[in-house]
Amino acid sequence: MGSAEMTGSEGMAGSATGTASVGGRPAMTAKLAGKGLDIGTANILAAVRDQKGGIVVRCERNAFLDIQGDVHSRSMLTRLNVPYVVHDNSLIVLGASAFELANVFGRPTRRPMKDGLISSQEKEALPMMQMIIKKTLGEPCVPNEPCFFSVPAESVDKENNIVYHQGLFAGMLQKLGYNPTPMNEGHAVTFAELAAEEFTGIGISFGGGMVNVCVAYKTIAALTFSVARGGDWIDGNAATVLGLPSSKVTFIKESGMDIRSPKGREQEAIAIYYRNLISYTLQNIRNRLAMGRDLPSFSEPVEIVCAGGGSLIQGFIEVFREEVQKVKLPIPLKGVRLGKEPLNSVSQGCLVAAVSSME
Ligand SMILES: Nc1ncnc2c1ncn2[C@@H]1O[C@H](COP(=O)(O)OP(=O)(O)OP(=O)(O)O)[C@@H](O)[C@H]1O
Ligand SMILES: [Mg+2]
């Protein structure tokens with residue numbers, strides 16, 4: 001199956017101390033224990049350590065396609081060289097392969113999550129997600145290996161049930177042999193990106209289903225929240241005004257456009273909704289900061305780091321800076337920057353936290 005494998009360039013915050021041979025495995029394996037898992041609406045990413053002390057991030061699309069389990073379909077998948085698993089008499093194609101096949105069939109993929117959480121319309125999709133998670137995470141390298149996994153914060157603009165979502169994935173990871181700990185998604189961004197600022201500042205993850213925000217003070221999450229809008233919201237709204245399928249808009253958006261200089265009607269619609277999402281997120285940050293409850297008083301100017309797949313589009317950080325000027329945040333600001341590897345930040349932050357928990 002076509003899962004991307006990317007090597008992270010970031011250094012580690014520390015290394016785990018376990019050196020004993022566990023379950024007959026070599027001591028080296030125990031030394032590399034601790035994993036980070038980013039469970040997202042669009043993508044699932046696992047960050048693990050390699051033998052050289054670097055980070056490897058494995059990514060898979062959080063989607064699948066189910067096909068009737070007859071002989072004809074089986075031979076077709078074999079002919080096309082598409083890997084599949086058999087589940088309840090259906091043939092299941094997972095992840096990126098499902099997207100490729102969906103294009104051939106002209107059929108949408110099924111997506112287990114919506115707006116940052118497990119979808120109520122896709123309850124039977126949990127075993128598929130478990131397979132994707134198992135594939136990216138691999139086997140635990142020691143029994144009960146610590147695994148920090150990302151969870152969204154409660155949304156300011158939608159009732160959502162984080163408790164159920166969190167409990168579900170904690171249970172799933174336990175079944176896979178891990179010792180799971182939930183970690184707020186925005187908090188994970190600050191762990192991955194704000195080491196130079198002593199883990200003080202604002203981390204934002206622009207995802208497919210949500211935008212997650214965390215204001216951190218010396219590693220502690222002082223304020224977390226989410227807005228229930230993300231890349232899917234941009235695609236869905238632009239699709240409605242353009243009279244196009246959402247998938248077409250996603251394709252145009254990801255094909256290398258610049259939101260500062262959109263070309264044509266389609267790109268213009270995407271750029272309008274992008275700017276609106278950034279502005280909406282910043283207004284919510286300003287409102288929450290202005291409430292001031294439970295907030296540390298920042299003596300130094302604060303850095304904002306943006307991550308997540310939504311921040312990859314060209315012109316993102318420039319538009320974000322323009323909108324920051326307009327919104328007037330009630331704290332002194334040092335700067336605004338993109339994460340070093342924006343798509344990997346959350347999984348890497350979860351890994352840093354997992355490793356730190358073992359020291
Ligand atoms: N090059 C790109 N340009 C623009 N958008 C992109 C690009 N690559 C990915 N995206 C968008 O990023 C989003 C997915 O980002 P990400 O993987 O961070 O989300 P997620 O973590 O799965 O979702 P969530 O955190 O909301 O549950 C999608 O909306 C996708 O269209
Ligand atoms: Mg995410």
# chains A, B, ... in the order shown; residues from 1 in each chain; ligands from 1

$ closest_atom_pairs --of "chain A" --to "ligand 1" --cutoff "6 Å" --atoms "only C-alpha atoms and all ligand atoms" --output "Markdown table"
| residue | atom | partner | partner_atom_place_in_ligand_line | distance |
| --- | --- | --- | --- | --- |
| A:Gly40 | CA | ligand 1 | 22 (O) | 3.3 |
| A:Thr41 | CA | ligand 1 | 27 (O) | 3.6 |
| A:Ala42 | CA | ligand 1 | 22 (O) | 3.3 |
| A:Asn43 | CA | ligand 1 | 22 (O) | 3.9 |
| A:Gly116 | CA | ligand 1 | 27 (O) | 3.6 |
| A:Phe206 | CA | ligand 1 | 18 (O) | 5.9 |
| A:Gly207 | CA | ligand 1 | 19 (O) | 3.4 |
| A:Gly208 | CA | ligand 1 | 29 (O) | 3.6 |
| A:Gly209 | CA | ligand 1 | 26 (O) | 3.4 |
| A:Met210 | CA | ligand 1 | 26 (O) | 3.8 |
| A:Gly231 | CA | ligand 1 | 29 (O) | 3.2 |
| A:Asp232 | CA | ligand 1 | 29 (O) | 5.2 |
| A:Thr250 | CA | ligand 1 | 31 (O) | 5.5 |
| A:Lys253 | CA | ligand 1 | 4 (C) | 5.4 |
| A:Glu254 | CA | ligand 1 | 3 (N) | 4.0 |
| A:Gly308 | CA | ligand 1 | 18 (O) | 3.5 |
| A:Gly309 | CA | ligand 1 | 15 (O) | 3.3 |
| A:Gly310 | CA | ligand 1 | 12 (O) | 3.8 |
| A:Leu312 | CA | ligand 1 | 2 (C) | 4.8 |
| A:Ile313 | CA | ligand 1 | 3 (N) | 3.8 |
| A:Leu343 | CA | ligand 1 | 18 (O) | 5.5 |

$ residues_around --residues "Gln174 (chain A)" --least-positions-apart "6" --cutoff "12 Å" --atoms "only C-alpha atoms" --output "PDB file with N, CA and C atoms, in the first residue's frame"
ATOM      1  N   GLN A 130      -8.527   1.032  12.904  1.00  0.00           N
ATOM      2  CA  GLN A 130      -7.566   0.252  13.702  1.00  0.00           C
ATOM      3  C   GLN A 130      -6.478  -0.331  12.797  1.00  0.00           C
ATOM      4  N   LYS A 134      -2.575   0.552  13.103  1.00  0.00           N
ATOM      5  CA  LYS A 134      -1.614  -0.538  13.319  1.00  0.00           C
ATOM      6  C   LYS A 134      -0.514  -0.488  12.251  1.00  0.00           C
ATOM      7  N   GLU A 139       4.221  -2.709  15.482  1.00  0.00           N
ATOM      8  CA  GLU A 139       4.098  -3.420  16.762  1.00  0.00           C
ATOM      9  C   GLU A 139       4.801  -2.616  17.853  1.00  0.00           C
ATOM     10  N   PRO A 140       4.319  -2.703  19.106  1.00  0.00           N
ATOM     11  CA  PRO A 140       5.085  -2.058  20.190  1.00  0.00           C
ATOM     12  C   PRO A 140       6.456  -2.699  20.304  1.00  0.00           C
ATOM     13  N   PRO A 143       6.665  -4.375  25.685  1.00  0.00           N
ATOM     14  CA  PRO A 143       5.285  -4.498  26.157  1.00  0.00           C
ATOM     15  C   PRO A 143       4.846  -3.202  26.821  1.00  0.00           C
ATOM     16  N   ASN A 144       3.611  -2.793  26.545  1.00  0.00           N
ATOM     17  CA  ASN A 144       3.079  -1.560  27.151  1.00  0.00           C
ATOM     18  C   ASN A 144       3.887  -0.319  26.784  1.00  0.00           C
ATOM     19  N   GLU A 145       4.366  -0.256  25.584  1.00  0.00           N
ATOM     20  CA  GLU A 145       5.181   0.890  25.146  1.00  0.00           C
ATOM     21  C   GLU A 145       4.360   2.190  25.239  1.00  0.00           C
ATOM     22  N   PRO A 146       4.906   3.262  25.834  1.00  0.00           N
ATOM     23  CA  PRO A 146       4.168   4.523  25.904  1.00  0.00           C
ATOM     24  C   PRO A 146       3.871   5.072  24.515  1.00  0.00           C
ATOM     25  N   CYS A 147       2.618   5.444  24.298  1.00  0.00           N
ATOM     26  CA  CYS A 147       2.228   6.066  23.040  1.00  0.00           C
ATOM     27  C   CYS A 147       1.337   7.267  23.357  1.00  0.00           C
ATOM     28  N   PHE A 148       1.822   8.471  23.052  1.00  0.00           N
ATOM     29  CA  PHE A 148       0.992   9.670  23.216  1.00  0.00           C
ATOM     30  C   PHE A 148       0.219   9.884  21.913  1.00  0.00           C
ATOM     31  N   PHE A 149      -1.101  10.048  22.020  1.00  0.00           N
ATOM     32  CA  PHE A 149      -1.907  10.240  20.809  1.00  0.00           C
ATOM     33  C   PHE A 149      -2.684  11.556  20.882  1.00  0.00           C
ATOM     34  N   GLY A 167     -11.654   8.121  24.705  1.00  0.00           N
ATOM     35  CA  GLY A 167     -11.756   6.801  25.335  1.00  0.00           C
ATOM     36  C   GLY A 167     -11.658   5.680  24.308  1.00  0.00           C
ATOM     37  N   LEU A 168     -12.278   5.908  23.158  1.00  0.00           N
ATOM     38  CA  LEU A 168     -12.280   4.917  22.087  1.00  0.00           C
ATOM     39  C   LEU A 168     -10.860   4.595  21.624  1.00  0.00           C
ATOM     40  N   PRO A 180      -1.427   4.005  26.350  1.00  0.00           N
ATOM     41  CA  PRO A 180      -1.782   5.260  25.685  1.00  0.00           C
ATOM     42  C   PRO A 180      -1.956   6.442  26.640  1.00  0.00           C
ATOM     43  N   THR A 181      -1.535   7.623  26.184  1.00  0.00           N
ATOM     44  CA  THR A 181      -1.808   8.871  26.909  1.00  0.00           C
ATOM     45  C   THR A 181      -2.329   9.897  25.910  1.00  0.00           C
TER      46      THR A 181
END

$ residues_near_ligand --ligand "ligand 2" --cutoff "12 Å" --atoms "only C-alpha atoms and all ligand atoms" --output "ChimeraX atom specification"
/A:37-45,61-62,113-117,149-153,183-189,204-213,226,228-231,306-311,342-347,349-350

$ closest_residue --among "A:Ile272, A:Leu94, A:Leu277, A:Ala216" --to "Trp233 (chain A)" --atoms "only C-alpha atoms"
A:Leu277

$ closest_residue --among "A:Ile270, A:Leu137, A:Val215, A:Ala46" --to "Leu194 (chain A)" --atoms "only C-alpha atoms"
A:Val215

$ residues_around --residues "Ile259 (chain A)" --least-positions-apart "6" --cutoff "12 Å" --atoms "only C-alpha atoms" --output "PyMOL selection string"
chain A and resi 252-253+266-276+278+310-320

$ closest_residue --among "A:Gly177, A:Ile202, A:Asn160, A:Leu91" --to "Gly339 (chain A)" --atoms "only C-alpha atoms"
A:Ile202

$ select_by_dssp --residues "region 163-221 of chain A" --states "alpha helix (DSSP H)" --output "number ranges by chain"
A: 163-175, 185-193

$ closest_residue --among "A:Val48, A:Val156, A:Ile67, A:Val336" --to "Arg107 (chain A)" --atoms "only C-alpha atoms"
A:Ile67

$ residues_around --residues "Leu126 (chain A)" --least-positions-apart "5" --cutoff "10 Å" --atoms "only C-alpha atoms" --output "PyMOL selection string"
chain A and resi 112-113+118-119+131-132+168-169+172

$ atom_distance --atom1 "CA of Phe99 (chain A)" --atom2 "CA of Lys175 (chain A)"
27.9 Å

$ closest_residue --among "A:Glu60, A:Lys52, A:Asn179, A:Glu193" --to "Glu341 (chain A)" --atoms "only C-alpha atoms"
A:Glu193

$ residues_around --residues "region 72-75 of chain A" --least-positions-apart "4" --cutoff "12 Å" --atoms "only C-alpha atoms" --output "list of chain:residue names"
A:Asp66, A:Ile67, A:Gln68, A:Arg79, A:Leu80, A:Asn81, A:Val82, A:Pro83, A:Tyr84, A:Val85, A:Val86, A:Asn89, A:Ser90, A:Leu91, A:Ile92, A:Val93

$ residues_around --residues "Ala222 (chain A)" --least-positions-apart "5" --cutoff "9 Å" --atoms "only C-alpha atoms" --output "list in words"
Cys214, Val215, Ala216, Tyr217, Asp294, Leu295 and Pro296 of chain A

$ closest_residue --among "A:Gly36, A:Arg286, A:Gly53, A:Val249" --to "Gly138 (chain A)" --atoms "only C-alpha atoms"
A:Gly36

$ select_by_dssp --residues "region 246-306 of chain A" --states "strand (DSSP E or B)" --output "list of chain:residue names"
A:Asp258, A:Val302, A:Glu303, A:Ile304, A:Val305, A:Cys306

$ atom_distance --atom1 "CA of Ile162 (chain A)" --atom2 "CA of Tyr280 (chain A)"
21.9 Å
